[in-house]
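Visitor: Okay, handing you the structure first.
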Amino acid sequence: MTTLGSPDASRWVAGWSVLHAADPLAGADVWGEPCVYWEQPSRGEAVAGWGEAGLARAEDAPRAQDVLRRLSAPDGVRWLETPAQDMPGPWFGGMRFSSHGEDAAWAPFGFGRWTLPEWMVWRTAEGLRVAAFAPEGPGAEHVVRERLARVTSFFPTQARAPRDVSRALRMSAARPAFERQVEHALEAIRAERFHKVVLARAVEVEADGDFDRVDILARLREHYPRCATFLFRAPDGAAFLGATPETLCRVEGGQLETEALAGSAAPALAERLGTSDKDRREHMAVVHYILRALKPLAAQVEADREPGVLALRNVVHLRTGIRAGLDQGVGVAEVMAALHPTPAVGGTPRENALAFISSHEALDRGWYAGPVGWVGPGRAHQMVALRSAWVKGARARLFVGAGIVAGSSAESEWRETEMKGLAMLRALGGGHV
């Protein structure tokens with residue numbers, strides 16, 4: 001494995017081949033848990049990667065922009081033959097929500113961390129493909145061909161189905177503390193310090209034995225096909241995984257797709273969501289922010305005329321799609337810097353809301369609510385890491401949040417976070433929740 005930035009790590013050698021199999025995640029039955037996993041069925045994307053041929057890290061936001069520019073450059077990979085088409089990545093990873101936080105559990109993830117797998121398997125319209133990577137240097141081409149041969153010879157042909165597991169989970173969450181934070185936020189809103197702030201909380205979970213994170217992934221992708229399912233493993237063996245519904249940005253060929261996703265309700269109340277004044281105000285704050293943020297980056301930006309409803313298994317959201325043609329020289333680094341964090345995970349006005357979060361939330365979000373996804377030459381797909389958890393051994397820490405605006409109440413926002421947490425609790429095996 002070579003770290004981006006060292007003298008011999010400016011290029012990697014790569015090759016690809018056809019794979020006669022059905023499911024990228026099935027490789028876990030031979031090589032164990034992948035170091036990266038990414039799937040979004042609505043895009044036809046499914047990727048699993050093992051090993052680390054390359055690693056890119058950033059200690060803060062400015063360095064993260066520099067790294068993202070390098071990862072999206074067109075000359076980072078030399079292909080043995082024709083370059084692979086329709087391949088996500090090949091760099092996968094994420095970033096912290098903010099630079100604040102001292103929780104040691106997040107230290108191995110760093111501020112920003114992106115992995116180039118030694119080999120990855122991905123889905124195309126024609127079936128599965130496998131690509132292998134090695135740092136440029138003597139013997140690199142042989143290493144790539146050997147990895148391709150090994151994967152194509154031993155990759156399972158059957159799809160990976162989730163096991164039916166129900167287990168007792170011990171959970172702890174500080175409801176009084178969260179509700180006090182909501183009340184403090186409402187006081188600040190009445191004092192006109194900001195219009196909206198998103199407060200997050202953690203749920204500590206412990207099981208009798210280690211969690212099978214591949215099974216968690218399999219359950220998430222089966223139960224939430226309209227979300228992006230992801231896993232990123234850190235050097236200490238911990239993993240950050242989840243199934244998130246919110247796109248931060250999709251960049252390809254100078255075109256940008258993003259969305260505003262804010263305003264939530266239980267599925268039974270979906271019809272009322274569009275007429276809820278509180279939810280529409282929360283939603284439109286995100287729409288207006290994104291449009292303003294993109295104006296310096298694109299000559300033309302357009303949004304859906306009215307929000308629609310994104311219906312998930314345990315919650316429904318208001319959604320507005322937004323599209324733009326980016327100006328020359330604008331790429332994923334500039335888009336992410338402009339958009340993150342949106343009011344859907346921070347608040348508005350942004351700086352005032354973020355200052356309140358920093359002083360009142362008493363939680364190191366780590367990568368929760370930060371950008372996660374893949375980056376490649378002139379292309380990127382980044383999601384906002386919601387409905388997610390840090391998992392290591394028999395311990396898990398779930399993260400959920402709620403947008404606080406005028407008209408919110410501490411009790412209703414607690415219930416909203418409980419509803420949002422069901423996705424990960426069920427995936428962890430909490431069949432009783």
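Here, A, B, ... name the chains of the structure tokens in the order displayed, residue numbers run from 1 inside each chain, and ligands are numbered from 1 in the same displayed order.
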Could you build a table of the residues in segment 258-296 of chain A lying no more than 12 Å from segment 315-318 of chain A, giving for each the nearest pair of atoms and their separation in Å rounded to one decimal place, using only C-alpha atoms, ordered by chain and ascending residue number, as CSV?

Guide:
```
residue,atom,partner,partner_atom,distance
A:Glu259,CA,A:Leu318,CA,10.2
A:Ala260,CA,A:Leu318,CA,8.0
A:Leu261,CA,A:Leu318,CA,5.8
A:Ala262,CA,A:Leu318,CA,5.7
A:Gly263,CA,A:Leu318,CA,5.4
A:Ser264,CA,A:His317,CA,4.6
A:Ala265,CA,A:Val316,CA,5.4
A:Ala266,CA,A:Val315,CA,4.9
A:Pro267,CA,A:Val315,CA,5.4
A:Ala268,CA,A:Val315,CA,8.9
A:Leu269,CA,A:Val316,CA,8.5
A:Ala270,CA,A:Val316,CA,6.3
A:Glu271,CA,A:Val316,CA,9.9
A:Arg272,CA,A:Val316,CA,10.7
A:Leu273,CA,A:Leu318,CA,7.4
A:Gly274,CA,A:Leu318,CA,7.2
A:Thr275,CA,A:Leu318,CA,10.6
A:Ser276,CA,A:Leu318,CA,10.5
A:Lys278,CA,A:Leu318,CA,11.8
A:Asp279,CA,A:Leu318,CA,8.0
A:Arg280,CA,A:Leu318,CA,7.9
A:Arg281,CA,A:Leu318,CA,10.9
A:Glu282,CA,A:Leu318,CA,9.6
A:His283,CA,A:Leu318,CA,6.8
A:Met284,CA,A:Leu318,CA,9.6
A:Val286,CA,A:Leu318,CA,10.8
A:Val287,CA,A:Leu318,CA,10.8
```

Visitor: Export N, CA, C and O atoms of the chosen residues as a tab-separated table (two decimals), in the first residue's frame?

Guide:
```tsv
chain	number	residue	atom	x	y	z
A	259	GLU	N	-29.49	17.54	-4.18
A	259	GLU	CA	-30.87	17.56	-3.72
A	259	GLU	C	-30.97	18.20	-2.35
A	259	GLU	O	-29.99	18.23	-1.59
A	260	ALA	N	-32.14	18.72	-2.06
A	260	ALA	CA	-32.48	19.17	-0.71
A	260	ALA	C	-33.38	18.10	-0.11
A	260	ALA	O	-34.40	17.74	-0.69
A	261	LEU	N	-32.98	17.58	1.04
A	261	LEU	CA	-33.74	16.53	1.70
A	261	LEU	C	-33.92	16.96	3.15
A	261	LEU	O	-33.00	16.84	3.97
A	262	ALA	N	-35.07	17.49	3.48
A	262	ALA	CA	-35.34	17.97	4.84
A	262	ALA	C	-36.84	18.04	5.02
A	262	ALA	O	-37.59	18.30	4.08
A	263	GLY	N	-37.26	17.86	6.28
A	263	GLY	CA	-38.68	17.70	6.59
A	263	GLY	C	-38.99	16.22	6.64
A	263	GLY	O	-38.82	15.52	5.63
A	264	SER	N	-39.40	15.74	7.80
A	264	SER	CA	-39.56	14.29	8.00
A	264	SER	C	-40.87	13.98	8.69
A	264	SER	O	-41.41	14.80	9.46
A	265	ALA	N	-41.38	12.78	8.43
A	265	ALA	CA	-42.59	12.31	9.10
A	265	ALA	C	-42.60	10.79	9.07
A	265	ALA	O	-41.90	10.16	8.27
A	266	ALA	N	-43.42	10.22	9.93
A	266	ALA	CA	-43.65	8.77	9.89
A	266	ALA	C	-44.41	8.44	8.61
A	266	ALA	O	-45.16	9.27	8.09
A	267	PRO	N	-44.21	7.23	8.05
A	267	PRO	CA	-44.88	6.89	6.80
A	267	PRO	C	-46.40	7.07	6.84
A	267	PRO	O	-47.00	7.47	5.84
A	268	ALA	N	-47.01	6.83	7.99
A	268	ALA	CA	-48.47	6.99	8.09
A	268	ALA	C	-48.92	8.43	7.94
A	268	ALA	O	-50.10	8.69	7.65
A	269	LEU	N	-48.00	9.37	8.12
A	269	LEU	CA	-48.34	10.79	8.04
A	269	LEU	C	-47.80	11.44	6.77
A	269	LEU	O	-47.70	12.67	6.69
A	270	ALA	N	-47.48	10.64	5.76
A	270	ALA	CA	-46.86	11.15	4.55
A	270	ALA	C	-47.71	12.21	3.85
A	270	ALA	O	-47.20	13.21	3.34
A	271	GLU	N	-49.03	12.02	3.82
A	271	GLU	CA	-49.90	12.95	3.11
A	271	GLU	C	-49.90	14.33	3.76
A	271	GLU	O	-50.13	15.34	3.09
A	272	ARG	N	-49.63	14.41	5.05
A	272	ARG	CA	-49.63	15.70	5.74
A	272	ARG	C	-48.29	16.43	5.61
A	272	ARG	O	-48.22	17.62	5.90
A	273	LEU	N	-47.25	15.71	5.19
A	273	LEU	CA	-45.92	16.31	5.20
A	273	LEU	C	-45.84	17.53	4.29
A	273	LEU	O	-45.26	18.55	4.66
A	274	GLY	N	-46.43	17.42	3.09
A	274	GLY	CA	-46.34	18.52	2.13
A	274	GLY	C	-47.07	19.78	2.56
A	274	GLY	O	-46.78	20.87	2.06
A	275	THR	N	-48.02	19.67	3.49
A	275	THR	CA	-48.78	20.84	3.94
A	275	THR	C	-48.36	21.29	5.33
A	275	THR	O	-48.94	22.24	5.86
A	276	SER	N	-47.37	20.64	5.91
A	276	SER	CA	-46.89	21.03	7.23
A	276	SER	C	-46.03	22.29	7.12
A	276	SER	O	-45.00	22.29	6.45
A	278	LYS	N	-44.22	23.80	9.39
A	278	LYS	CA	-42.91	23.61	10.01
A	278	LYS	C	-41.97	22.86	9.08
A	278	LYS	O	-40.80	23.25	8.89
A	279	ASP	N	-42.42	21.77	8.46
A	279	ASP	CA	-41.56	20.96	7.61
A	279	ASP	C	-41.22	21.67	6.31
A	279	ASP	O	-40.10	21.56	5.81
A	280	ARG	N	-42.17	22.43	5.75
A	280	ARG	CA	-41.88	23.15	4.52
A	280	ARG	C	-40.85	24.26	4.76
A	280	ARG	O	-39.97	24.51	3.93
A	281	ARG	N	-40.96	24.94	5.90
A	281	ARG	CA	-39.97	25.97	6.21
A	281	ARG	C	-38.59	25.35	6.39
A	281	ARG	O	-37.58	25.89	5.90
A	282	GLU	N	-38.54	24.23	7.08
A	282	GLU	CA	-37.27	23.54	7.26
A	282	GLU	C	-36.70	23.12	5.91
A	282	GLU	O	-35.49	23.26	5.65
A	283	HIS	N	-37.55	22.62	5.02
A	283	HIS	CA	-37.11	22.15	3.71
A	283	HIS	C	-36.62	23.30	2.83
A	283	HIS	O	-35.55	23.23	2.20
A	284	MET	N	-37.42	24.38	2.76
A	284	MET	CA	-37.06	25.48	1.86
A	284	MET	C	-35.78	26.18	2.30
A	284	MET	O	-35.07	26.76	1.47
A	286	VAL	N	-33.14	24.66	3.19
A	286	VAL	CA	-32.09	23.89	2.54
A	286	VAL	C	-32.05	24.21	1.05
A	286	VAL	O	-30.96	24.40	0.46
A	287	VAL	N	-33.20	24.28	0.40
A	287	VAL	CA	-33.26	24.59	-1.03
A	287	VAL	C	-32.59	25.93	-1.32
A	287	VAL	O	-31.73	26.04	-2.20
```

Visitor: Can you pull out the residues contacting segment 205-210 of chain A? Cut-off 10 Å, using only C-alpha atoms, and skip same-chain residues under 2 positions away; I want them as a ChimeraX atom specification.

Guide: /A:167-173,202-203,212-213,389,391-398,425,428-430

Visitor: Please tabulate, as a tab-separated table, the residues of segment 25-73 of chain A that come within 9 Å of segment 113-133 of chain A, each with its closest pair of atoms and the distance in Å to one decimal, counting only C-alpha atoms and ordering rows by chain, then residue number upward.

Guide:
```
residue	atom	partner	partner_atom	distance
A:Leu25	CA	A:Val121	CA	8.6
A:Gly27	CA	A:Val121	CA	8.5
A:Cys35	CA	A:Pro117	CA	7.8
A:Val36	CA	A:Thr115	CA	7.8
A:Gly44	CA	A:Thr124	CA	7.1
A:Glu45	CA	A:Arg123	CA	6.1
A:Ala46	CA	A:Arg123	CA	5.4
A:Val47	CA	A:Trp122	CA	4.3
A:Ala48	CA	A:Val121	CA	5.4
A:Gly49	CA	A:Met120	CA	4.1
A:Trp50	CA	A:Pro117	CA	5.5
A:Gly51	CA	A:Glu118	CA	4.9
A:Glu52	CA	A:Pro117	CA	4.5
A:Ala53	CA	A:Glu118	CA	4.6
A:Gly54	CA	A:Leu116	CA	4.8
A:Leu55	CA	A:Thr115	CA	4.8
A:Ala56	CA	A:Trp114	CA	5.1
A:Arg57	CA	A:Arg113	CA	4.6
A:Ala58	CA	A:Arg113	CA	6.6
A:Ala64	CA	A:Arg113	CA	8.8
```

Visitor: Kindly indicate which residue among A:Ala26, A:Ala298, A:Val144, A:Ala402 lies nearest to Glu81 of chain A, using only C-alpha atoms for the distances.

Guide: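 Result for the nearest residue to Glu81 of chain A: A:Val144.
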
Visitor: Restricting the calculation to only C-alpha atoms, which member of A:Arg387, A:Arg163, A:His100, A:Arg150 is positioned closest to Glu418 of chain A?

Guide: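 The shortest atom-to-atom distance to Glu418 of chain A comes from A:Arg387.
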
Visitor: Neighbouring residues of Trp106 of chain A were defined as those with any atom within 10 Å, considering only C-alpha atoms; residues of the same chain fewer than 2 positions away were excluded. Please report them as a list in words.

Guide: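 Listing them by chain and then by number gives Arg96, Gly101, Glu102, Asp103, Ala104, Pro108, Phe109, Gly110, Phe111, Ala234, Ala238, Ala239, Phe240, Asp364, Arg365, Gly366, Trp367 and Trp390 of chain A.
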
Visitor: Enumerate, as a list in words, the complete set of residues in segment 72-123 of chain A that a backbone-based DSSP assignment places in strand (DSSP E).

Guide: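 The residues of segment 72-123 of chain A classed as strand (DSSP E) are Val77, Arg78, Trp79, Trp91, Phe92, Gly93, Gly94, Met95, Gly112, Arg113, Trp114, Thr115, Leu116, Trp119, Met120, Val121, Trp122 and Arg123 of chain A.
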
Visitor: I need the chosen residues saved as a PDB file, in the first residue's frame, with N, CA and C atoms.

Guide:
```
ATOM      1  N   VAL A  77      -4.102   7.025 -13.040  1.00  0.00           N
ATOM      2  CA  VAL A  77      -4.075   5.570 -13.246  1.00  0.00           C
ATOM      3  C   VAL A  77      -3.634   5.268 -14.674  1.00  0.00           C
ATOM      4  N   ARG A  78      -2.690   4.336 -14.807  1.00  0.00           N
ATOM      5  CA  ARG A  78      -2.287   3.833 -16.132  1.00  0.00           C
ATOM      6  C   ARG A  78      -2.867   2.434 -16.321  1.00  0.00           C
ATOM      7  N   TRP A  79      -3.766   2.304 -17.291  1.00  0.00           N
ATOM      8  CA  TRP A  79      -4.418   1.022 -17.534  1.00  0.00           C
ATOM      9  C   TRP A  79      -3.570   0.158 -18.457  1.00  0.00           C
ATOM     10  N   TRP A  91     -11.380   5.709  -6.014  1.00  0.00           N
ATOM     11  CA  TRP A  91     -11.061   6.094  -4.640  1.00  0.00           C
ATOM     12  C   TRP A  91     -12.347   6.175  -3.830  1.00  0.00           C
ATOM     13  N   PHE A  92     -12.334   5.572  -2.626  1.00  0.00           N
ATOM     14  CA  PHE A  92     -13.524   5.511  -1.776  1.00  0.00           C
ATOM     15  C   PHE A  92     -13.183   5.979  -0.365  1.00  0.00           C
ATOM     16  N   GLY A  93     -14.051   6.809   0.207  1.00  0.00           N
ATOM     17  CA  GLY A  93     -13.788   7.260   1.571  1.00  0.00           C
ATOM     18  C   GLY A  93     -14.721   8.364   1.991  1.00  0.00           C
ATOM     19  N   GLY A  94     -14.277   9.140   2.983  1.00  0.00           N
ATOM     20  CA  GLY A  94     -15.137  10.180   3.521  1.00  0.00           C
ATOM     21  C   GLY A  94     -14.359  11.183   4.343  1.00  0.00           C
ATOM     22  N   MET A  95     -15.136  12.089   4.960  1.00  0.00           N
ATOM     23  CA  MET A  95     -14.567  13.181   5.742  1.00  0.00           C
ATOM     24  C   MET A  95     -15.409  13.407   6.983  1.00  0.00           C
ATOM     25  N   GLY A 112     -10.007  13.240   6.879  1.00  0.00           N
ATOM     26  CA  GLY A 112     -10.429  12.691   5.597  1.00  0.00           C
ATOM     27  C   GLY A 112      -9.558  11.517   5.228  1.00  0.00           C
ATOM     28  N   ARG A 113     -10.162  10.474   4.661  1.00  0.00           N
ATOM     29  CA  ARG A 113      -9.416   9.261   4.335  1.00  0.00           C
ATOM     30  C   ARG A 113     -10.067   8.588   3.128  1.00  0.00           C
ATOM     31  N   TRP A 114      -9.266   8.321   2.076  1.00  0.00           N
ATOM     32  CA  TRP A 114      -9.777   7.690   0.869  1.00  0.00           C
ATOM     33  C   TRP A 114      -8.866   6.533   0.482  1.00  0.00           C
ATOM     34  N   THR A 115      -9.467   5.406   0.124  1.00  0.00           N
ATOM     35  CA  THR A 115      -8.734   4.177  -0.178  1.00  0.00           C
ATOM     36  C   THR A 115      -8.876   3.809  -1.651  1.00  0.00           C
ATOM     37  N   LEU A 116      -7.764   3.419  -2.248  1.00  0.00           N
ATOM     38  CA  LEU A 116      -7.756   2.768  -3.557  1.00  0.00           C
ATOM     39  C   LEU A 116      -7.560   1.276  -3.304  1.00  0.00           C
ATOM     40  N   TRP A 119      -8.006  -4.686  -5.172  1.00  0.00           N
ATOM     41  CA  TRP A 119      -8.925  -5.121  -6.220  1.00  0.00           C
ATOM     42  C   TRP A 119     -10.343  -4.765  -5.808  1.00  0.00           C
ATOM     43  N   MET A 120     -11.171  -4.489  -6.809  1.00  0.00           N
ATOM     44  CA  MET A 120     -12.564  -4.138  -6.551  1.00  0.00           C
ATOM     45  C   MET A 120     -13.447  -4.788  -7.597  1.00  0.00           C
ATOM     46  N   VAL A 121     -14.649  -5.124  -7.159  1.00  0.00           N
ATOM     47  CA  VAL A 121     -15.637  -5.748  -8.019  1.00  0.00           C
ATOM     48  C   VAL A 121     -16.833  -4.811  -8.087  1.00  0.00           C
ATOM     49  N   TRP A 122     -17.299  -4.524  -9.297  1.00  0.00           N
ATOM     50  CA  TRP A 122     -18.422  -3.604  -9.428  1.00  0.00           C
ATOM     51  C   TRP A 122     -19.411  -4.095 -10.476  1.00  0.00           C
ATOM     52  N   ARG A 123     -20.603  -3.564 -10.380  1.00  0.00           N
ATOM     53  CA  ARG A 123     -21.715  -3.976 -11.243  1.00  0.00           C
ATOM     54  C   ARG A 123     -21.848  -3.024 -12.428  1.00  0.00           C
TER      55      ARG A 123
END
```

Visitor: Write out as a PyMOL selection string which residues come within 10 Å of Thr244 of chain A when counting only C-alpha atoms, dropping same-chain ones fewer than 6 positions away.

Guide: chain A and resi 40+220+224+226-230+369+372+383-388+423

Visitor: Any chance you can output those residues with C-alpha atoms as an mmCIF file, in the first residue's frame?

Guide:
```
data_model
loop_
_atom_site.group_PDB
_atom_site.id
_atom_site.type_symbol
_atom_site.label_atom_id
_atom_site.label_comp_id
_atom_site.auth_asym_id
_atom_site.auth_seq_id
_atom_site.Cartn_x
_atom_site.Cartn_y
_atom_site.Cartn_z
ATOM 1 C CA GLN A 40 -26.942 2.584 -4.680
ATOM 2 C CA LEU A 220 -29.383 -2.574 4.951
ATOM 3 C CA TYR A 224 -33.460 0.278 2.065
ATOM 4 C CA ARG A 226 -33.627 3.698 -2.230
ATOM 5 C CA CYS A 227 -30.601 4.556 -0.082
ATOM 6 C CA ALA A 228 -26.856 4.332 -0.627
ATOM 7 C CA THR A 229 -25.392 1.545 1.520
ATOM 8 C CA PHE A 230 -21.776 2.021 2.545
ATOM 9 C CA ALA A 369 -23.308 13.809 8.527
ATOM 10 C CA VAL A 372 -18.876 9.806 1.976
ATOM 11 C CA MET A 383 -23.663 11.196 -0.116
ATOM 12 C CA VAL A 384 -24.348 12.731 3.299
ATOM 13 C CA ALA A 385 -23.611 10.026 5.879
ATOM 14 C CA LEU A 386 -26.951 9.709 7.677
ATOM 15 C CA ARG A 387 -28.618 6.611 9.225
ATOM 16 C CA SER A 388 -25.172 5.373 10.134
ATOM 17 C CA ALA A 423 -33.031 1.487 10.286
#
```

Visitor: Run DSSP on the backbone and tell me which residues of segment 75-216 of chain A come out as helix (DSSP H, G or I); list them as a short mmCIF file (atom, residue, chain, number, x, y, z; two decimals) with N, CA and C atoms, in the first residue's frame.

Guide:
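Full text of selection_16.cif as output:
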```cif
data_model
loop_
_atom_site.label_atom_id
_atom_site.label_comp_id
_atom_site.auth_asym_id
_atom_site.auth_seq_id
_atom_site.Cartn_x
_atom_site.Cartn_y
_atom_site.Cartn_z
N ALA A 104 -11.59 9.54 20.73
CA ALA A 104 -10.51 8.68 20.24
C ALA A 104 -11.01 7.63 19.26
N ALA A 105 -12.30 7.27 19.33
CA ALA A 105 -12.83 6.26 18.42
C ALA A 105 -12.72 6.70 16.96
N TRP A 106 -12.74 8.02 16.72
CA TRP A 106 -12.68 8.52 15.35
C TRP A 106 -11.26 8.78 14.87
N ALA A 107 -10.28 8.73 15.75
CA ALA A 107 -8.91 9.08 15.36
C ALA A 107 -8.39 8.25 14.19
N PRO A 108 -8.63 6.92 14.13
CA PRO A 108 -8.10 6.14 13.00
C PRO A 108 -8.70 6.53 11.65
N PHE A 109 -9.87 7.14 11.66
CA PHE A 109 -10.49 7.56 10.40
C PHE A 109 -9.88 8.86 9.89
N ALA A 140 4.90 -4.03 -11.21
CA ALA A 140 3.52 -3.64 -10.96
C ALA A 140 2.54 -4.33 -11.91
N GLU A 141 2.92 -4.45 -13.19
CA GLU A 141 2.01 -5.08 -14.15
C GLU A 141 1.77 -6.54 -13.79
N HIS A 142 2.81 -7.23 -13.36
CA HIS A 142 2.65 -8.63 -12.95
C HIS A 142 1.72 -8.73 -11.74
N VAL A 143 1.87 -7.83 -10.78
CA VAL A 143 1.01 -7.85 -9.59
C VAL A 143 -0.45 -7.67 -9.99
N VAL A 144 -0.71 -6.74 -10.89
CA VAL A 144 -2.08 -6.48 -11.33
C VAL A 144 -2.66 -7.72 -12.00
N ARG A 145 -1.92 -8.33 -12.90
CA ARG A 145 -2.45 -9.51 -13.62
C ARG A 145 -2.67 -10.68 -12.65
N GLU A 146 -1.76 -10.84 -11.69
CA GLU A 146 -1.92 -11.92 -10.71
C GLU A 146 -3.17 -11.72 -9.87
N ARG A 147 -3.43 -10.48 -9.46
CA ARG A 147 -4.63 -10.22 -8.66
C ARG A 147 -5.90 -10.47 -9.48
N LEU A 148 -5.91 -10.05 -10.72
CA LEU A 148 -7.08 -10.30 -11.57
C LEU A 148 -7.33 -11.80 -11.72
N ALA A 149 -6.28 -12.56 -11.95
CA ALA A 149 -6.44 -14.01 -12.13
C ALA A 149 -6.97 -14.66 -10.86
N ARG A 150 -6.47 -14.22 -9.70
CA ARG A 150 -6.91 -14.83 -8.45
C ARG A 150 -8.39 -14.55 -8.19
N VAL A 151 -8.81 -13.32 -8.42
CA VAL A 151 -10.21 -12.97 -8.14
C VAL A 151 -11.15 -13.68 -9.10
N THR A 152 -10.82 -13.68 -10.39
CA THR A 152 -11.72 -14.32 -11.36
C THR A 152 -11.80 -15.83 -11.15
N SER A 153 -10.77 -16.42 -10.58
CA SER A 153 -10.77 -17.87 -10.36
C SER A 153 -11.60 -18.29 -9.15
N PHE A 154 -11.67 -17.44 -8.13
CA PHE A 154 -12.26 -17.88 -6.87
C PHE A 154 -13.47 -17.07 -6.42
N ARG A 175 -32.00 10.87 26.87
CA ARG A 175 -33.13 11.67 26.41
C ARG A 175 -33.20 13.03 27.10
N PRO A 176 -33.06 13.13 28.42
CA PRO A 176 -33.16 14.46 29.05
C PRO A 176 -32.15 15.46 28.49
N ALA A 177 -30.93 15.00 28.27
CA ALA A 177 -29.90 15.90 27.76
C ALA A 177 -30.25 16.38 26.35
N PHE A 178 -30.75 15.48 25.50
CA PHE A 178 -31.12 15.88 24.14
C PHE A 178 -32.27 16.88 24.17
N GLU A 179 -33.27 16.61 24.99
CA GLU A 179 -34.42 17.52 25.04
C GLU A 179 -34.02 18.89 25.60
N ARG A 180 -33.06 18.94 26.51
CA ARG A 180 -32.56 20.24 26.97
C ARG A 180 -31.86 20.98 25.83
N GLN A 181 -31.12 20.26 25.00
CA GLN A 181 -30.48 20.90 23.87
C GLN A 181 -31.51 21.48 22.90
N VAL A 182 -32.60 20.75 22.68
CA VAL A 182 -33.67 21.26 21.82
C VAL A 182 -34.26 22.54 22.40
N GLU A 183 -34.50 22.55 23.70
CA GLU A 183 -35.06 23.75 24.34
C GLU A 183 -34.10 24.93 24.21
N HIS A 184 -32.80 24.69 24.39
CA HIS A 184 -31.81 25.76 24.23
C HIS A 184 -31.82 26.28 22.79
N ALA A 185 -31.96 25.36 21.82
CA ALA A 185 -32.01 25.77 20.42
C ALA A 185 -33.24 26.62 20.14
N LEU A 186 -34.38 26.25 20.70
CA LEU A 186 -35.60 27.02 20.50
C LEU A 186 -35.47 28.41 21.11
N GLU A 187 -34.80 28.50 22.25
CA GLU A 187 -34.56 29.83 22.85
C GLU A 187 -33.70 30.68 21.92
N ALA A 188 -32.67 30.07 21.32
CA ALA A 188 -31.81 30.81 20.40
C ALA A 188 -32.56 31.23 19.14
N ILE A 189 -33.48 30.39 18.67
CA ILE A 189 -34.29 30.74 17.50
C ILE A 189 -35.21 31.92 17.83
N ARG A 190 -35.81 31.90 19.03
CA ARG A 190 -36.66 33.02 19.43
C ARG A 190 -35.85 34.31 19.58
N ARG A 213 -20.50 -7.45 10.30
CA ARG A 213 -20.79 -6.23 9.56
C ARG A 213 -21.18 -6.51 8.12
N VAL A 214 -20.77 -7.62 7.55
CA VAL A 214 -21.21 -7.98 6.20
C VAL A 214 -22.70 -8.28 6.22
N ASP A 215 -23.16 -8.98 7.25
CA ASP A 215 -24.60 -9.23 7.37
C ASP A 215 -25.37 -7.94 7.58
N ILE A 216 -24.80 -7.00 8.34
CA ILE A 216 -25.46 -5.71 8.52
C ILE A 216 -25.63 -5.02 7.17
#
```

Visitor: Please identify all polymer residues within 10 Å of Lys295 of chain A, counting only C-alpha atoms, omitting same-chain residues fewer than 6 positions from it, and present them as a compact mmCIF listing (two decimals) with C-alpha atoms, in the first residue's frame.

Guide:
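The result, stored in part.txt:
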```
# COMPACT_ATOMS: atom_id res chain seq x y z
CA VAL A 301 -28.87 26.23 -11.71
CA ALA A 324 -26.43 22.65 -12.58
CA LEU A 326 -20.58 23.69 -13.62
CA ALA A 338 -19.52 25.07 -1.19
```

Visitor: Could the residues of segment 293-397 of chain A that have an atom at most 10 Å from segment 195-200 of chain A be listed as a Markdown table, each with its closest atom pair and the distance in Å to one decimal, counting only C-alpha atoms and ordered by chain and ascending residue number?

Guide:
```
| residue | atom | partner | partner_atom | distance |
| --- | --- | --- | --- | --- |
| A:Pro343 | CA | A:Val197 | CA | 7.4 |
| A:Ala344 | CA | A:Val198 | CA | 7.1 |
| A:Val345 | CA | A:Val198 | CA | 5.5 |
| A:Gly346 | CA | A:Val198 | CA | 5.2 |
| A:Gly347 | CA | A:Val197 | CA | 4.1 |
| A:Thr348 | CA | A:Lys196 | CA | 5.3 |
| A:Pro349 | CA | A:His195 | CA | 6.8 |
| A:Arg350 | CA | A:Val197 | CA | 8.5 |
| A:Asn352 | CA | A:Val197 | CA | 8.8 |
| A:Ala353 | CA | A:Val197 | CA | 5.3 |
| A:Leu354 | CA | A:Val197 | CA | 7.8 |
| A:Ala355 | CA | A:Val197 | CA | 9.9 |
| A:Phe356 | CA | A:Val197 | CA | 7.9 |
| A:Ile357 | CA | A:Leu199 | CA | 6.9 |
| A:His360 | CA | A:Leu199 | CA | 9.0 |
| A:Glu361 | CA | A:Leu199 | CA | 6.7 |
| A:Ala362 | CA | A:Ala200 | CA | 9.4 |
| A:Leu363 | CA | A:Ala200 | CA | 7.7 |
| A:Asp364 | CA | A:Ala200 | CA | 9.6 |
| A:Arg365 | CA | A:Ala200 | CA | 7.9 |
| A:Tyr368 | CA | A:Ala200 | CA | 9.3 |
| A:Ala369 | CA | A:Ala200 | CA | 9.2 |
```

Visitor: May I have the residues within 7 Å of Ala22 of chain A as an MDAnalysis selection string, using only C-alpha atoms and disregarding those fewer than 5 positions away in the same chain?

Guide: chainID A and resid 128 157:159

Visitor: Could you write out the selected residues, including all heavy atoms, as a short mmCIF file (atom, residue, chain, number, x, y, z; two decimals), in the first residue's frame?

Guide:
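Just written: out_23.cif:
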```cif
data_model
loop_
_atom_site.label_atom_id
_atom_site.label_comp_id
_atom_site.auth_asym_id
_atom_site.auth_seq_id
_atom_site.Cartn_x
_atom_site.Cartn_y
_atom_site.Cartn_z
N LEU A 128 -20.91 -8.21 -13.79
CA LEU A 128 -19.85 -7.78 -12.89
C LEU A 128 -18.51 -7.65 -13.62
O LEU A 128 -18.24 -8.36 -14.59
CB LEU A 128 -19.68 -8.77 -11.74
CG LEU A 128 -20.81 -8.90 -10.73
CD1 LEU A 128 -20.33 -9.67 -9.51
CD2 LEU A 128 -21.36 -7.55 -10.32
N THR A 157 -20.18 -17.42 -7.15
CA THR A 157 -21.20 -17.10 -8.17
C THR A 157 -22.56 -16.80 -7.57
O THR A 157 -23.42 -16.23 -8.24
CB THR A 157 -21.34 -18.29 -9.16
OG1 THR A 157 -21.71 -19.47 -8.42
CG2 THR A 157 -20.03 -18.51 -9.89
N GLN A 158 -22.79 -17.18 -6.32
CA GLN A 158 -24.08 -16.95 -5.69
C GLN A 158 -24.13 -15.59 -5.01
O GLN A 158 -23.12 -15.10 -4.49
CB GLN A 158 -24.37 -18.05 -4.65
CG GLN A 158 -24.45 -19.45 -5.23
CD GLN A 158 -25.60 -19.60 -6.22
OE1 GLN A 158 -26.71 -19.14 -5.97
NE2 GLN A 158 -25.31 -20.24 -7.34
N ALA A 159 -25.31 -14.98 -4.99
CA ALA A 159 -25.49 -13.69 -4.32
C ALA A 159 -25.41 -13.87 -2.81
O ALA A 159 -25.69 -14.96 -2.28
CB ALA A 159 -26.84 -13.07 -4.71
#
```
